[in-house]
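Structure below is coords_20.txt: compact mmCIF, C-alpha atoms.
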# COMPACT_ATOMS: atom_id res chain seq x y z
CA VAL I 102 95.34 71.00 114.56
CA ARG I 103 95.18 71.96 118.21
CA SER I 104 96.61 75.42 118.78
CA GLU I 105 97.73 77.24 121.89
CA PRO I 106 97.56 81.04 122.35
CA LEU I 107 100.89 82.85 122.45
CA PRO I 108 101.42 84.80 125.68
CA SER I 109 102.62 88.40 125.88
CA MET I 110 101.31 89.55 122.51
CA PRO I 111 101.00 93.32 121.89
CA GLU I 112 97.52 94.77 122.22
CA GLY I 113 95.39 93.97 119.17
CA VAL I 114 97.50 90.98 118.11
CA LEU I 115 96.18 87.44 118.23
CA GLY I 116 98.95 84.88 118.05
CA GLU I 117 98.76 81.12 118.29
CA ARG I 118 101.26 78.28 118.02
CA LEU I 119 100.04 75.61 115.62
CA VAL I 120 103.10 73.29 115.62
CA ASP I 121 106.16 73.06 117.87
CA CYS I 122 108.62 70.28 117.05
CA PRO I 123 112.42 69.88 117.14
CA TYR I 124 112.73 71.03 113.50
CA PHE I 125 110.46 74.08 113.25
CA ILE I 126 107.73 76.17 114.87
CA LEU I 127 104.56 77.18 113.01
CA GLU I 128 102.67 80.19 114.36
CA ARG I 129 99.74 82.24 113.08
CA PHE I 130 99.23 85.95 113.77
CA GLU I 131 96.18 88.12 113.14
CA PHE I 132 96.39 91.87 113.70
CA GLN I 133 95.58 95.33 112.49
CA GLY I 134 98.05 98.18 112.94
CA ARG I 135 101.81 97.99 113.48
CA ILE I 136 103.83 95.21 115.09
CA PRO I 137 107.53 94.35 115.16
CA GLN I 138 108.61 91.35 113.06
CA PRO I 139 108.04 88.29 115.28
CA ARG I 140 111.03 86.04 116.04
CA GLN I 141 113.76 88.55 115.22
CA GLY I 142 117.19 86.93 115.30
CA GLU I 143 115.90 83.61 113.94
CA LEU I 144 115.46 82.32 110.40
CA THR I 145 111.80 83.11 109.71
CA VAL I 146 109.45 82.57 106.78
CA VAL I 147 106.30 84.72 106.69
CA LEU I 148 103.33 83.91 104.43
CA VAL I 149 100.58 86.51 104.10
CA VAL I 150 97.44 84.37 104.45
CA ARG I 151 94.83 87.15 104.38
CA GLY I 152 94.93 90.88 103.72
CA SER I 153 98.09 92.85 102.99
CA ALA I 154 100.80 94.60 104.96
CA LYS I 155 103.71 96.94 104.47
CA LEU I 156 107.07 95.69 105.70
CA THR I 157 109.44 98.46 106.76
CA GLY I 158 113.01 98.49 108.02
CA PRO I 159 116.19 100.53 107.71
CA GLY I 160 116.18 101.77 104.10
CA TYR I 161 113.42 99.33 103.07
CA ALA I 162 109.65 99.50 102.52
CA ARG I 163 107.48 97.12 100.50
CA GLU I 164 103.87 95.97 100.50
CA PHE I 165 103.07 92.26 100.55
CA ARG I 166 99.68 90.82 99.61
CA ARG I 167 97.84 87.56 100.21
CA GLY I 168 99.85 84.58 98.97
CA GLN I 169 103.24 86.31 99.03
CA THR I 170 106.09 84.97 101.16
CA VAL I 171 109.04 86.70 102.85
CA LEU I 172 112.19 84.95 104.08
CA PHE I 173 114.04 86.68 106.93
CA PRO I 174 117.63 85.58 107.59
CA ALA I 175 118.50 85.50 111.29
CA SER I 176 120.64 88.63 110.80
CA CYS I 177 117.57 90.77 109.85
CA ARG I 178 116.44 92.95 112.72
CA GLU I 179 114.41 96.10 113.27
CA PHE I 180 111.70 95.26 110.75
CA SER I 181 108.01 95.87 111.39
CA TRP I 182 104.67 95.19 109.71
CA GLN I 183 101.94 97.80 109.17
CA THR I 184 98.41 96.83 108.12
CA PHE I 185 95.39 98.96 107.39
CA SER I 186 92.81 96.20 107.75
CA SER I 187 92.78 92.91 109.63
CA SER I 188 95.49 90.66 108.19
CA GLN I 189 96.65 87.14 108.93
CA PHE I 190 100.19 85.77 108.67

Let's see the structure in the file written out as structure tokens.
Amino acid sequence: VRSEPLPSMPEGVLGERLVDCPYFILERFEFQGRIPQPRQGELTVVLVVRGSAKLTGPGYAREFRRGQTVLFPASCREFSWQTFSSSQF
């Protein structure tokens, strides 16, 4: 797989596009700290590949660990991820 770095990532976030086709986009993110949920306003599936992170939003907070998956409907907004060690999604 040939990847391309994603431009305009927040400081401390490494993002790369692995696949971009007419049907879906596959991206990988590695970070430590807090970032907003990528691709807000789009149907998004997030798989925690390494580490763990806390997902927070209006009236919601939950920790996700390696191997767990989150599905975000396009209507979900204002969510963010917080990690305490380097994590990969």

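Using only C-alpha atoms, the protein and nucleic acid residues lying no more than 12 Å from Thr157 of chain I, apart from those fewer than 5 places from it along its own chain, are Arg135, Ile136, Pro137, Gln138, Ala162, Arg163, Glu164, Phe165, Cys177, Arg178, Glu179, Phe180, Ser181, Trp182, Gln183 and Thr184 of chain I.
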
Pairwise distance for atom CA of Val150 of chain I and atom CA of Gly113 of chain I, rounded to one decimal in Å = 17.7 Å

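Minimum distance to Arg166 of chain I across I:Gly134, I:Ser153, I:Val147, I:Glu105 (counting all atoms listed in the file) occurs at I:Ser153.
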
For Ala175 of chain I, please output as JSON, numbers by chain all residues within 9 Å (counting all atoms listed in the file; exclusion window: fewer than 4 positions along the same chain).
-> {"I": [140, 141, 142, 143, 144, 145]}

Measure the distance from atom CA of Gln133 of chain I to atom CA of Phe185 of chain I in Å and round it to one decimal.
-> 6.3 Å

Contacts of Ser188 of chain I at 6 Å or less, counting only C-alpha atoms, minus same-chain residues fewer than 2 places along, as a list in words?
-> Glu131, Phe132, Arg151 and Gly152 of chain I

Give the answer as one residue: which of I:Tyr124, I:Gly160, I:Arg129, I:Ser187 has the shortest atom-to-atom distance to Pro106 of chain I, using all atoms listed in the file?
-> I:Arg129

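The closest residue to Phe125 of chain I, picked from I:Val146, I:Pro174, I:Ala154, I:Ser104 and counting only C-alpha atoms, is I:Val146.
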